[in-house]
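What's in my_file.txt: compact mmCIF, C-alpha atoms and all ligand atoms
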```txt
# COMPACT_ATOMS: atom_id res chain seq x y z
CA MET A 1 27.62 -41.27 -22.90
CA PRO A 2 26.71 -38.09 -21.00
CA VAL A 3 28.21 -34.89 -22.26
CA VAL A 4 30.12 -32.70 -19.88
CA THR A 5 29.22 -29.10 -20.25
CA VAL A 6 32.20 -26.82 -19.91
CA ARG A 7 31.15 -24.58 -17.08
CA PRO A 8 32.99 -21.90 -15.21
CA SER A 9 33.47 -22.76 -11.56
CA SER A 10 31.22 -20.91 -9.15
CA HIS A 11 34.00 -19.13 -7.28
CA LEU A 12 35.07 -17.44 -10.50
CA ALA A 13 31.61 -16.82 -11.83
CA HIS A 14 31.43 -13.09 -11.17
CA ALA A 15 34.58 -12.04 -12.97
CA ILE A 16 35.94 -12.70 -16.42
CA MET A 17 38.96 -14.72 -15.49
CA PRO A 18 41.49 -16.14 -17.90
CA THR A 19 40.76 -19.65 -16.58
CA GLN A 20 37.36 -19.24 -18.19
CA THR A 21 38.70 -18.76 -21.69
CA SER A 22 36.49 -20.91 -23.91
CA PRO A 23 38.15 -23.95 -25.49
CA ALA A 24 37.60 -22.45 -28.96
CA ALA A 25 39.36 -19.25 -27.85
CA LEU A 26 42.21 -21.37 -26.45
CA LEU A 27 42.63 -22.96 -29.88
CA ALA A 28 42.74 -19.55 -31.55
CA GLU A 29 45.34 -18.48 -28.99
CA ALA A 30 47.39 -21.67 -29.48
CA ARG A 31 47.40 -21.04 -33.23
CA THR A 32 49.14 -17.71 -32.62
CA HIS A 33 51.97 -19.81 -31.07
CA ALA A 34 51.99 -22.33 -33.94
CA ASP A 35 55.39 -21.25 -35.31
CA TRP A 36 57.00 -21.45 -31.87
CA ILE A 37 55.54 -24.90 -31.19
CA THR A 38 56.39 -26.21 -34.66
CA GLY A 39 59.92 -24.82 -34.39
CA ILE A 40 60.52 -26.78 -31.18
CA ARG A 41 59.07 -29.91 -32.72
CA ARG A 42 61.35 -29.67 -35.76
CA THR A 43 64.46 -29.06 -33.64
CA LEU A 44 63.66 -32.16 -31.60
CA HIS A 45 62.86 -34.10 -34.75
CA GLU A 46 66.30 -33.40 -36.21
CA TYR A 47 68.09 -34.75 -33.14
CA PRO A 48 66.22 -37.82 -31.92
CA GLU A 49 67.55 -39.59 -28.82
CA LEU A 50 66.69 -43.02 -27.43
CA GLY A 51 65.33 -43.82 -23.96
CA TYR A 52 67.33 -42.41 -21.00
CA GLU A 53 69.79 -40.81 -23.44
CA GLU A 54 67.62 -37.73 -24.11
CA LYS A 55 70.27 -35.29 -22.87
CA ARG A 56 70.01 -32.78 -25.69
CA THR A 57 66.22 -33.11 -25.78
CA SER A 58 66.09 -32.45 -22.04
CA GLU A 59 68.31 -29.39 -22.53
CA VAL A 60 66.01 -28.01 -25.24
CA ILE A 61 63.00 -28.43 -22.95
CA ARG A 62 64.74 -26.80 -19.98
CA ALA A 63 65.90 -23.89 -22.11
CA ARG A 64 62.30 -23.23 -23.19
CA LEU A 65 61.06 -23.54 -19.59
CA ASP A 66 63.78 -21.09 -18.46
CA GLU A 67 62.72 -18.72 -21.20
CA LEU A 68 59.13 -18.88 -19.94
CA GLY A 69 60.20 -18.50 -16.29
CA ILE A 70 58.73 -21.86 -15.34
CA PRO A 71 60.45 -23.66 -12.43
CA TYR A 72 61.18 -27.36 -12.68
CA ARG A 73 62.72 -30.34 -10.97
CA TRP A 74 65.46 -32.13 -12.92
CA PRO A 75 66.77 -34.73 -13.35
CA VAL A 76 63.84 -36.99 -12.63
CA ALA A 77 64.26 -40.52 -14.07
CA GLU A 78 67.67 -39.57 -15.55
CA THR A 79 66.63 -37.04 -18.19
CA GLY A 80 63.03 -36.29 -17.21
CA ILE A 81 61.67 -32.97 -15.99
CA VAL A 82 58.76 -32.07 -13.71
CA ALA A 83 57.77 -28.43 -14.20
CA THR A 84 55.13 -26.61 -12.18
CA ILE A 85 52.87 -23.69 -12.98
CA GLY A 86 50.49 -22.12 -10.49
CA ARG A 87 50.09 -21.59 -6.79
CA GLY A 88 51.30 -24.00 -4.12
CA GLU A 89 47.79 -24.50 -2.80
CA GLY A 90 44.66 -25.90 -4.42
CA PRO A 91 44.30 -28.98 -6.55
CA CYS A 92 47.01 -30.33 -8.83
CA VAL A 93 46.56 -31.66 -12.37
CA ALA A 94 49.33 -33.24 -14.45
CA LEU A 95 49.90 -33.16 -18.20
CA ARG A 96 52.38 -35.65 -19.62
CA ALA A 97 54.61 -35.78 -22.70
CA ASP A 98 57.10 -38.52 -23.52
CA ILE A 99 60.36 -37.34 -25.09
CA ASP A 100 62.24 -40.35 -26.51
CA ALA A 101 62.72 -41.53 -30.10
CA LEU A 102 63.09 -44.92 -31.80
CA PRO A 103 65.96 -46.89 -33.38
CA ILE A 104 64.60 -46.46 -36.92
CA GLU A 105 66.31 -44.99 -40.00
CA GLU A 106 64.06 -42.16 -41.14
CA GLU A 107 62.69 -42.28 -44.68
CA ALA A 108 60.14 -39.47 -44.35
CA ASP A 109 60.28 -36.81 -47.00
CA VAL A 110 60.66 -33.75 -44.72
CA PRO A 111 63.25 -30.96 -44.72
CA PHE A 112 63.89 -31.44 -40.99
CA ARG A 113 64.65 -35.16 -41.32
CA SER A 114 66.62 -36.87 -38.53
CA ARG A 115 70.32 -35.95 -38.55
CA THR A 116 71.20 -38.98 -36.45
CA PRO A 117 71.63 -42.17 -38.46
CA GLY A 118 69.46 -45.01 -37.22
CA LYS A 119 67.31 -42.88 -34.93
CA MET A 120 63.97 -41.25 -35.60
CA HIS A 121 61.04 -39.63 -33.86
CA ALA A 122 58.70 -42.16 -35.47
CA CYS A 123 56.18 -42.18 -32.62
CA GLY A 124 55.62 -38.43 -32.51
CA HIS A 125 57.11 -37.87 -29.07
CA ASP A 126 58.77 -34.75 -30.51
CA CYS A 127 55.23 -33.48 -31.14
CA HIS A 128 54.08 -34.46 -27.65
CA THR A 129 56.95 -32.48 -26.12
CA ALA A 130 56.39 -29.42 -28.30
CA MET A 131 52.63 -29.43 -27.68
CA LEU A 132 53.16 -29.60 -23.93
CA LEU A 133 55.58 -26.66 -24.12
CA GLY A 134 52.89 -24.79 -26.08
CA ALA A 135 50.46 -25.49 -23.25
CA ALA A 136 53.12 -24.41 -20.75
CA LYS A 137 53.31 -21.03 -22.48
CA MET A 138 49.52 -20.57 -22.37
CA LEU A 139 49.18 -21.73 -18.77
CA LYS A 140 52.09 -19.57 -17.61
CA ALA A 141 50.34 -16.53 -19.12
CA ARG A 142 47.39 -17.12 -16.76
CA GLU A 143 49.40 -18.34 -13.77
CA ASP A 144 48.06 -15.70 -11.37
CA GLU A 145 44.51 -16.85 -11.95
CA LEU A 146 45.12 -20.60 -11.71
CA PRO A 147 43.16 -22.08 -8.80
CA GLY A 148 45.86 -24.69 -8.21
CA VAL A 149 48.96 -26.23 -9.75
CA VAL A 150 49.60 -27.71 -13.19
CA LYS A 151 52.48 -30.18 -13.34
CA LEU A 152 54.15 -30.80 -16.66
CA LEU A 153 55.70 -34.24 -16.88
CA PHE A 154 58.40 -34.53 -19.54
CA GLN A 155 59.10 -38.23 -19.38
CA PRO A 156 61.99 -40.24 -20.88
CA ALA A 157 62.06 -43.78 -22.23
CA GLU A 158 58.46 -44.53 -23.10
CA GLU A 159 59.59 -46.98 -25.80
CA GLY A 160 60.28 -50.01 -23.60
CA GLY A 161 62.22 -48.29 -20.83
CA ALA A 162 59.21 -47.71 -18.56
CA GLY A 163 60.19 -44.08 -17.99
CA GLY A 164 56.68 -43.47 -16.64
CA LYS A 165 57.31 -46.02 -13.90
CA ARG A 166 60.58 -44.33 -12.94
CA MET A 167 58.87 -40.90 -12.91
CA CYS A 168 56.24 -42.24 -10.49
CA GLU A 169 58.90 -43.91 -8.32
CA GLU A 170 60.83 -40.64 -8.18
CA GLY A 171 57.82 -38.73 -6.91
CA ALA A 172 56.49 -37.02 -10.05
CA LEU A 173 52.93 -37.47 -8.82
CA GLN A 174 53.69 -36.27 -5.27
CA THR A 175 54.25 -32.87 -3.60
CA PRO A 176 51.83 -31.57 -4.56
CA ARG A 177 49.81 -34.71 -5.06
CA VAL A 178 48.40 -35.04 -8.57
CA GLU A 179 44.63 -35.62 -8.68
CA ARG A 180 44.16 -36.04 -12.43
CA VAL A 181 46.49 -36.74 -15.33
CA PHE A 182 46.07 -36.31 -19.08
CA GLY A 183 48.24 -37.41 -21.97
CA LEU A 184 47.93 -36.94 -25.72
CA HIS A 185 49.33 -39.24 -28.41
CA VAL A 186 49.47 -38.38 -32.09
CA TRP A 187 47.22 -40.81 -33.98
CA PRO A 188 47.75 -41.17 -37.76
CA GLN A 189 44.54 -43.18 -38.18
CA LEU A 190 42.53 -40.12 -37.13
CA LYS A 191 42.27 -37.05 -39.34
CA THR A 192 43.67 -33.76 -38.09
CA GLY A 193 40.96 -31.92 -36.16
CA THR A 194 39.60 -35.04 -34.48
CA ILE A 195 40.39 -36.84 -31.25
CA GLY A 196 39.42 -40.22 -29.83
CA SER A 197 39.66 -42.48 -26.83
CA ARG A 198 37.42 -44.58 -24.64
CA ALA A 199 36.48 -45.26 -21.04
CA GLY A 200 38.24 -48.21 -19.44
CA VAL A 201 40.99 -50.20 -21.12
CA PHE A 202 42.34 -48.28 -24.12
CA LEU A 203 45.80 -49.80 -24.65
CA ALA A 204 47.15 -53.24 -23.92
CA SER A 205 49.51 -54.67 -21.38
CA ALA A 206 52.72 -55.26 -23.33
CA GLY A 207 55.81 -57.29 -22.56
CA SER A 208 58.92 -58.59 -24.31
CA LEU A 209 59.93 -62.18 -24.84
CA ASN A 210 63.40 -63.76 -25.17
CA ILE A 211 63.94 -67.41 -25.99
CA THR A 212 67.28 -69.20 -26.36
CA VAL A 213 67.13 -72.71 -27.79
CA ARG A 214 70.32 -74.76 -27.29
CA GLY A 215 71.28 -77.96 -29.09
CA GLN A 216 74.55 -79.26 -30.41
CA GLY A 217 76.08 -77.89 -33.60
CA GLY A 218 77.83 -79.82 -36.33
CA HIS A 219 78.09 -80.63 -40.04
CA ALA A 220 74.80 -80.02 -41.81
CA ALA A 221 75.43 -83.11 -43.97
CA LYS A 222 75.33 -85.28 -40.83
CA PRO A 223 72.33 -83.99 -38.86
CA ASN A 224 72.24 -87.23 -36.90
CA THR A 225 75.48 -86.21 -35.17
CA THR A 226 73.93 -82.93 -34.03
CA ILE A 227 71.00 -81.80 -31.92
CA ASP A 228 69.39 -79.31 -34.25
CA PRO A 229 68.10 -76.17 -32.49
CA VAL A 230 66.89 -74.67 -35.80
CA VAL A 231 64.20 -77.27 -36.41
CA THR A 232 63.30 -77.14 -32.72
CA ALA A 233 62.98 -73.34 -32.83
CA ALA A 234 60.75 -73.66 -35.90
CA LYS A 235 58.49 -76.06 -33.98
CA ILE A 236 58.44 -73.68 -31.02
CA ILE A 237 57.37 -70.76 -33.23
CA VAL A 238 54.53 -72.82 -34.69
CA GLU A 239 53.49 -74.26 -31.31
CA LEU A 240 53.30 -70.74 -29.81
CA GLN A 241 50.54 -69.92 -32.30
CA THR A 242 48.13 -72.32 -30.63
CA ILE A 243 48.17 -70.62 -27.21
CA VAL A 244 46.10 -67.69 -28.46
CA SER A 245 44.06 -69.65 -31.00
CA ARG A 246 43.24 -72.70 -28.80
CA GLU A 247 43.60 -71.65 -25.16
CA VAL A 248 42.40 -68.06 -24.90
CA ASP A 249 38.72 -67.07 -25.03
CA PRO A 250 38.14 -65.79 -28.59
CA LEU A 251 36.43 -62.74 -27.08
CA GLU A 252 39.54 -61.83 -25.05
CA PRO A 253 42.21 -60.08 -27.13
CA ALA A 254 45.69 -61.63 -26.86
CA VAL A 255 48.81 -61.55 -29.01
CA ILE A 256 52.01 -63.59 -29.08
CA SER A 257 54.32 -62.53 -31.92
CA VAL A 258 57.81 -63.89 -32.58
CA THR A 259 59.60 -61.01 -34.27
CA THR A 260 63.28 -61.95 -34.60
CA VAL A 261 65.02 -65.24 -35.30
CA ARG A 262 68.80 -65.38 -35.11
CA ALA A 263 70.94 -68.45 -35.75
CA GLY A 264 73.99 -69.70 -37.60
CA HIS A 265 76.55 -68.24 -39.96
CA ALA A 266 77.14 -70.89 -42.64
CA TYR A 267 74.95 -72.75 -45.12
CA ASN A 268 76.47 -76.11 -44.21
CA VAL A 269 76.76 -75.85 -40.44
CA ILE A 270 74.00 -76.59 -37.97
CA PRO A 271 74.41 -73.98 -35.21
CA ALA A 272 74.41 -74.79 -31.51
CA GLU A 273 71.95 -72.08 -30.59
CA VAL A 274 68.93 -70.11 -31.84
CA GLN A 275 67.75 -66.82 -30.35
CA LEU A 276 64.14 -65.73 -30.69
CA THR A 277 62.55 -62.53 -29.48
CA GLY A 278 58.99 -61.33 -29.55
CA THR A 279 56.16 -59.51 -27.86
CA ILE A 280 53.20 -60.59 -25.74
CA ARG A 281 50.01 -58.50 -25.35
CA SER A 282 46.81 -58.74 -23.37
CA LEU A 283 44.19 -56.27 -22.18
CA THR A 284 44.58 -57.43 -18.56
CA MET A 285 47.49 -58.26 -16.23
CA PRO A 286 46.07 -61.73 -15.36
CA GLY A 287 45.79 -62.33 -19.12
CA MET A 288 49.43 -61.31 -19.54
CA GLN A 289 50.53 -63.60 -16.71
CA PHE A 290 48.61 -66.53 -18.21
CA LEU A 291 50.27 -66.03 -21.61
CA GLN A 292 53.75 -65.79 -20.07
CA GLY A 293 53.21 -68.95 -18.02
CA ARG A 294 52.05 -70.95 -21.02
CA VAL A 295 54.85 -69.62 -23.25
CA ARG A 296 57.45 -70.75 -20.71
CA GLU A 297 55.88 -74.19 -20.29
CA LEU A 298 55.39 -74.84 -23.96
CA VAL A 299 58.85 -73.64 -25.05
CA GLU A 300 60.64 -75.73 -22.41
CA LEU A 301 58.65 -78.87 -23.18
CA VAL A 302 58.90 -78.61 -26.98
CA ALA A 303 62.66 -78.12 -26.59
CA LYS A 304 62.89 -81.15 -24.31
CA ALA A 305 60.86 -83.31 -26.70
CA ASN A 306 63.45 -82.45 -29.34
CA ARG A 307 66.52 -83.13 -27.13
CA CYS A 308 67.27 -79.39 -26.82
CA THR A 309 67.13 -77.09 -23.83
CA ALA A 310 65.45 -73.70 -23.82
CA GLU A 311 65.64 -70.63 -21.66
CA VAL A 312 62.71 -68.22 -21.55
CA SER A 313 62.81 -64.71 -20.11
CA PHE A 314 60.58 -61.66 -20.18
CA PRO A 315 63.08 -58.81 -20.14
CA GLY A 316 62.34 -55.25 -19.14
CA ASN A 317 59.03 -54.13 -17.76
CA ASP A 318 55.63 -55.52 -18.60
CA TYR A 319 53.61 -52.37 -19.20
CA PRO A 320 50.22 -52.57 -17.50
CA PRO A 321 47.13 -51.91 -19.63
CA THR A 322 46.30 -48.21 -19.99
CA VAL A 323 42.94 -47.77 -18.28
CA ASN A 324 41.11 -44.48 -18.71
CA ASP A 325 38.95 -43.11 -15.93
CA ALA A 326 35.41 -42.87 -17.33
CA TYR A 327 34.83 -39.39 -15.93
CA CYS A 328 38.16 -38.03 -17.21
CA TRP A 329 37.22 -39.28 -20.69
CA GLU A 330 33.89 -37.46 -20.34
CA VAL A 331 35.80 -34.30 -19.47
CA ALA A 332 38.08 -34.76 -22.47
CA GLN A 333 35.10 -35.39 -24.75
CA GLY A 334 33.29 -32.27 -23.57
CA LEU A 335 36.36 -30.12 -24.06
CA GLY A 336 37.16 -31.82 -27.38
CA ARG A 337 33.69 -31.02 -28.72
CA ALA A 338 33.87 -27.45 -27.47
CA THR A 339 37.27 -27.04 -29.15
CA LEU A 340 36.79 -28.93 -32.41
CA GLY A 341 33.05 -29.46 -32.90
CA ASP A 342 30.59 -32.22 -32.07
CA ALA A 343 31.65 -34.55 -34.87
CA ALA A 344 35.34 -34.33 -33.96
CA VAL A 345 35.29 -36.62 -30.94
CA LEU A 346 35.33 -40.34 -31.58
CA GLU A 347 34.85 -43.36 -29.39
CA LEU A 348 37.71 -45.74 -30.27
CA PRO A 349 38.02 -49.48 -29.73
CA PRO A 350 40.91 -50.64 -27.53
CA THR A 351 44.19 -51.30 -29.34
CA MET A 352 46.92 -53.86 -28.65
CA GLY A 353 49.59 -51.17 -28.64
CA GLY A 354 51.23 -50.60 -25.24
CA GLU A 355 51.93 -47.31 -23.53
CA ASP A 356 53.61 -46.49 -20.24
CA PHE A 357 51.07 -43.74 -19.50
CA ALA A 358 49.52 -46.77 -17.77
CA TYR A 359 51.85 -46.24 -14.80
CA TYR A 360 50.24 -42.86 -14.08
CA THR A 361 46.64 -44.02 -14.47
CA ASN A 362 47.46 -46.92 -12.15
CA VAL A 363 47.91 -44.31 -9.43
CA VAL A 364 45.57 -41.40 -10.26
CA PRO A 365 42.47 -41.06 -12.45
CA GLY A 366 43.34 -39.87 -15.92
CA CYS A 367 42.76 -40.15 -19.62
CA PHE A 368 45.02 -40.87 -22.57
CA VAL A 369 43.65 -39.21 -25.68
CA ALA A 370 44.46 -39.93 -29.32
CA LEU A 371 45.06 -36.75 -31.34
CA GLY A 372 44.36 -36.90 -35.08
CA ILE A 373 47.36 -36.02 -37.28
CA GLY A 374 46.33 -37.87 -40.44
CA ASN A 375 46.27 -35.89 -43.67
CA GLU A 376 46.41 -37.65 -47.04
CA ALA A 377 47.22 -34.48 -48.96
CA LEU A 378 50.42 -34.10 -46.91
CA GLY A 379 51.37 -37.77 -47.00
CA ALA A 380 50.69 -38.09 -43.28
CA VAL A 381 49.29 -41.57 -43.76
CA TYR A 382 51.86 -43.92 -42.23
CA GLY A 383 51.45 -45.55 -38.84
CA VAL A 384 53.65 -44.77 -35.85
CA HIS A 385 56.97 -46.68 -35.85
CA HIS A 386 57.01 -46.60 -39.69
CA PRO A 387 60.19 -45.13 -41.28
CA LYS A 388 57.99 -42.84 -43.41
CA PHE A 389 55.85 -41.70 -40.46
CA LYS A 390 54.83 -38.09 -40.98
CA VAL A 391 52.74 -35.64 -38.98
CA ASP A 392 50.30 -32.93 -40.09
CA GLU A 393 51.73 -30.12 -37.97
CA ALA A 394 48.41 -28.26 -38.05
CA ALA A 395 47.51 -30.63 -35.21
CA LEU A 396 50.20 -29.26 -32.89
CA PRO A 397 48.34 -26.12 -31.69
CA ILE A 398 45.24 -28.29 -31.27
CA GLY A 399 47.22 -30.47 -28.88
CA SER A 400 48.47 -27.44 -26.95
CA ALA A 401 44.94 -26.02 -26.70
CA LEU A 402 43.50 -29.34 -25.51
CA HIS A 403 46.23 -29.81 -22.88
CA THR A 404 45.52 -26.28 -21.63
CA ALA A 405 41.77 -26.85 -21.60
CA PHE A 406 42.13 -30.20 -19.77
CA ALA A 407 44.21 -28.51 -17.06
CA LEU A 408 42.12 -25.34 -16.66
CA HIS A 409 38.82 -27.17 -16.61
CA SER A 410 40.06 -29.84 -14.19
CA LEU A 411 41.57 -27.32 -11.78
CA ASP A 412 38.34 -25.33 -11.72
CA GLU A 413 36.30 -28.48 -11.21
CA LEU A 414 38.56 -29.97 -8.50
CA GLN A 415 38.70 -26.62 -6.72
CA THR A 416 34.91 -26.43 -6.66
CA SER A 417 34.34 -30.02 -5.62
CA PRO A 418 37.58 -31.52 -4.28
CA ALA A 419 38.12 -35.21 -5.04
NI NI A 501 54.44 -43.32 -28.60
```
Could you express the structure from this file as C-alpha cells?
Ligand code: NI
Amino acid sequence: MPVVTVRPSSHLAHAIMPTQTSPAALLAEARTHADWITGIRRTLHEYPELGYEEKRTSEVIRARLDELGIPYRWPVAETGIVATIGRGEGPCVALRADIDALPIEEEADVPFRSRTPGKMHACGHDCHTAMLLGAAKMLKAREDELPGVVKLLFQPAEEGGAGGKRMCEEGALQTPRVERVFGLHVWPQLKTGTIGSRAGVFLASAGSLNITVRGQGGHAAKPNTTIDPVVTAAKIIVELQTIVSREVDPLEPAVISVTTVRAGHAYNVIPAEVQLTGTIRSLTMPGMQFLQGRVRELVELVAKANRCTAEVSFPGNDYPPTVNDAYCWEVAQGLGRATLGDAAVLELPPTMGGEDFAYYTNVVPGCFVALGIGNEALGAVYGVHHPKFKVDEAALPIGSALHTAFALHSLDELQTSPA
C-alpha cells in the first residue's frame, strides 16, 4: 500500500499558513481542547435520544456552533444539522458524525451514566458528535486560510433509521457539492492511539427481517385440533440456517440471524401466531437480495408444508455496504501515521456490522475510519451495543485532530488538483 506523504499544497508553499499545521501539531492543539470536547461528550452521554428524536442533542450541537460563530442549516432530516466553515468557493470536504443513541439500559460504571431509563449511548455516537465539534473549533480558528469549504454533517438515526439516506436526500452533499467525505467510529477492539480501516468494502449491507407464522390455536393437550405455529416456527428457524451453510459460497460472507421469537401466553395453550425477527447481512447488494429472496421462499414453503401460512417482510432500509475509496484510505493512513506514528495505523478485515455512512460513500468518494478507544486499565473493553460499553476519552482529541487533518489535507489537495 503506497504511503501518502503529507505535503503542503503548492499555492501555499511560500507562507506558513495554518492549513499547513502538521498532524502532530494538530493533535497537540486538540489536546488543549480536551476538557471542552469531553464535557460535550459527557453531557450528550447523560441524555441519550433515539433516532429522529434527538431534539435535545441537536440543541446542544447548535448551541456550541452558535458559540463558535459557525453557520448551519437545520433541520435537515428532522434533527440533523449541516454546518459550514470556510469560503464559498473552492473544493468542499465533508466530515460526518452520527448523533443518536440505542434502546439499552446502561450498566457502565461511569459518573455521567445515562439519566434516561432504557436509553444509552452504547455505540459512541456521543463521542462522534463531540469529536466533530472539537474539529469544528479548530477549523473555525483557521477559517480565513481555508482553501474551500468544510461541511460538518451531524446526522440523526444511524441505528436503523437510515438518517444518512435522509441527509443525502435533503441535499447535505449539495450546494456546495461535497467532493470527499470522512467519518470516524469509535472501535473498542483497537487500543487508544491506533486507527484502522481498509480499501473497498469495510462494513456489510444490513437489513431487518420480520416473519409472522399463522396457524390455529387451541388446547395444548389436543394438538391434533390445532395447527401449531410454534413447531412450524422452530422448523423455519432451523431451515434458515442452511441458506448460508449450503447455498452461499463459503468464501462470501453472509449472515442470517433470528434474534427474537414471540408467541403464546399460557403453558397449556397453543397460540395462533408466532412472530420472529432477525437480521440479514452480506458484503454486496446482490448478495443481500439473494438472501432475502431465499428467506422468503423457504419460510413460505416450510409454513405451507406444515399447514400454516407465513408472511415475510424486510422492514426499514437495507443499508448498502460501506465501501471505502482506496485513495481516501491512503490519505487517512498517511495522516494517521503522521499523527500517531507508523505502527498506529492498521489494515482491518471487513466486518459484518452495518453503517449508514454507506449512503454518503455511495455518492462521493470517502473513507470510514475506526478509531481505537480500547483501554483495559480503564475497563474500556466491551463491544459497541453492550450495556457496559465504555470509552477511553483520551481518544476524543485524537478524533478531533484526525477530522481536522482529513479536511485540511483534502482541501489543499483538491484545490491543487481538482477532482
Ligand atoms: Ni455506531
> Do you know which residues are within 10 Å of ligand NI 501 (chain A) using only C-alpha atoms and all ligand atoms? Can you write them as a list in words?
Replying inline: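 So, counting only C-alpha atoms and all ligand atoms, the residues near ligand NI 501 (chain A) are Ala97, Asp98, Ile99, Asp100, Ala101, Leu102, His121, Ala122, Cys123, Gly124, His125, Asp126, His128, Ala157, Glu158, Glu159, Leu184, His185, Val186, Trp187, Gly353, Gly354, Glu355, Asp356, Phe357, Val384 and His385 of chain A.
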For the residues in that selection, give me C-alpha atoms as a PDB file, keeping the file's coordinate frame.
```
ATOM      1  CA  ALA A  97      54.610 -35.780 -22.700  1.00  0.00           C
ATOM      2  CA  ASP A  98      57.100 -38.520 -23.520  1.00  0.00           C
ATOM      3  CA  ILE A  99      60.360 -37.340 -25.090  1.00  0.00           C
ATOM      4  CA  ASP A 100      62.240 -40.350 -26.510  1.00  0.00           C
ATOM      5  CA  ALA A 101      62.720 -41.530 -30.100  1.00  0.00           C
ATOM      6  CA  LEU A 102      63.090 -44.920 -31.800  1.00  0.00           C
ATOM      7  CA  HIS A 121      61.040 -39.630 -33.860  1.00  0.00           C
ATOM      8  CA  ALA A 122      58.700 -42.160 -35.470  1.00  0.00           C
ATOM      9  CA  CYS A 123      56.180 -42.180 -32.620  1.00  0.00           C
ATOM     10  CA  GLY A 124      55.620 -38.430 -32.510  1.00  0.00           C
ATOM     11  CA  HIS A 125      57.110 -37.870 -29.070  1.00  0.00           C
ATOM     12  CA  ASP A 126      58.770 -34.750 -30.510  1.00  0.00           C
ATOM     13  CA  HIS A 128      54.080 -34.460 -27.650  1.00  0.00           C
ATOM     14  CA  ALA A 157      62.060 -43.780 -22.230  1.00  0.00           C
ATOM     15  CA  GLU A 158      58.460 -44.530 -23.100  1.00  0.00           C
ATOM     16  CA  GLU A 159      59.590 -46.980 -25.800  1.00  0.00           C
ATOM     17  CA  LEU A 184      47.930 -36.940 -25.720  1.00  0.00           C
ATOM     18  CA  HIS A 185      49.330 -39.240 -28.410  1.00  0.00           C
ATOM     19  CA  VAL A 186      49.470 -38.380 -32.090  1.00  0.00           C
ATOM     20  CA  TRP A 187      47.220 -40.810 -33.980  1.00  0.00           C
ATOM     21  CA  GLY A 353      49.590 -51.170 -28.640  1.00  0.00           C
ATOM     22  CA  GLY A 354      51.230 -50.600 -25.240  1.00  0.00           C
ATOM     23  CA  GLU A 355      51.930 -47.310 -23.530  1.00  0.00           C
ATOM     24  CA  ASP A 356      53.610 -46.490 -20.240  1.00  0.00           C
ATOM     25  CA  PHE A 357      51.070 -43.740 -19.500  1.00  0.00           C
ATOM     26  CA  VAL A 384      53.650 -44.770 -35.850  1.00  0.00           C
ATOM     27  CA  HIS A 385      56.970 -46.680 -35.850  1.00  0.00           C
TER      28      HIS A 385
END
```
> What lies within 6 Å of Met131 in chain A using all atoms listed in the file, ignoring chain neighbours under 4 positions off, as a ChimeraX atom specification?
Replying inline: /A:127,396,399-400
>> From the options A:Leu27, A:His386, A:Ser58, A:Leu152, which residue's atoms come nearest to Glu106 in chain A, counting all atoms listed in the file?
In response: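 Of A:Leu27, A:His386, A:Ser58, A:Leu152, the one nearest Glu106 in chain A, counting all atoms listed in the file, is A:His386.
Here the question is which of A:Gln189, A:Asn375, A:Gln155, A:Ser114 gets nearest to Glu46 in chain A using only C-alpha atoms, and that residue is A:Ser114.
The shortest atom-to-atom distance to Gln289 in chain A, with only C-alpha atoms taken into account, belongs to A:Ala254 out of A:Ile85, A:Leu402, A:Ala254, A:Ile236.
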> In Å, with one decimal, what is the gap from CA of Val60 in chain A to CA of Phe112 in chain A?
Replying inline: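 Calculated distance between CA of Val60 in chain A and CA of Phe112 in chain A is 16.3 Å.
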> How far is it from CA of Met288 in chain A to CA of Val302 in chain A, in Å with one decimal?
Replying inline: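 Calculated distance between CA of Met288 in chain A and CA of Val302 in chain A is 21.1 Å.
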> So which residues fall inside 10 Å of (72.9, -74.2, -41.7) if we count all atoms listed in the file? Mind giving them as number ranges by chain?
Replying inline: A: 217-221, 228, 230, 263-271
> Is there a way to get, as a ChimeraX atom specification, all residues within 10 Å of the point (46.3, -24.0, -27.0) in file coordinates, counting only C-alpha atoms?
Replying inline: /A:23-34,131-132,134-139,339,396-405
> So how far away is CA of Pro321 in chain A from CA of Arg166 in chain A, in Å?
Replying inline: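 Distance reported for this atom pair: 16.8 Å.
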What box, with edges along x, y and z, holds each listed atom of range 28-33 of chain A when 8 Å is added on every side, and can you state its centre and edge lengths in Å to one decimal, as lines of an AutoDock Vina configuration file?
```
center_x = 47.4
center_y = -19.7
center_z = -31.1
size_x = 25.2
size_y = 20.0
size_z = 20.2
```
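Of the listed residues (A:Ile195, A:Val110, A:Leu251, A:Ala204), A:Ala204 comes nearest to Met352 in chain A; the distances count only C-alpha atoms.
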>> List the spatial neighbours of Val295 in chain A as an MDAnalysis selection string - criterion: any atom at most 9 Å away, only C-alpha atoms, same-chain residues fewer than 2 positions off excluded.
In response: chainID A and resid 240 243 256 290:293 297:300 312
> Closest to Val201 in chain A among A:Glu89, A:Asp144, A:Asp66, A:Asp325, using all atoms listed in the file?
Replying inline: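 When distances to Val201 in chain A are compared using all atoms listed in the file, the smallest one comes from A:Asp325.
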> A:Leu371, A:Val364, A:Ala358, A:Ala407: which is nearest Glu393 in chain A, counting all atoms listed in the file?
Replying inline: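 Nearest candidate to Glu393 in chain A out of A:Leu371, A:Val364, A:Ala358, A:Ala407: A:Leu371.
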>> Can you tell me which residues surround Ala206 in chain A at a distance of at most 7 Å, considering all atoms listed in the file, apart from same-chain residues fewer than 5 positions away, and format the answer as a count of residues only?
In response: 7
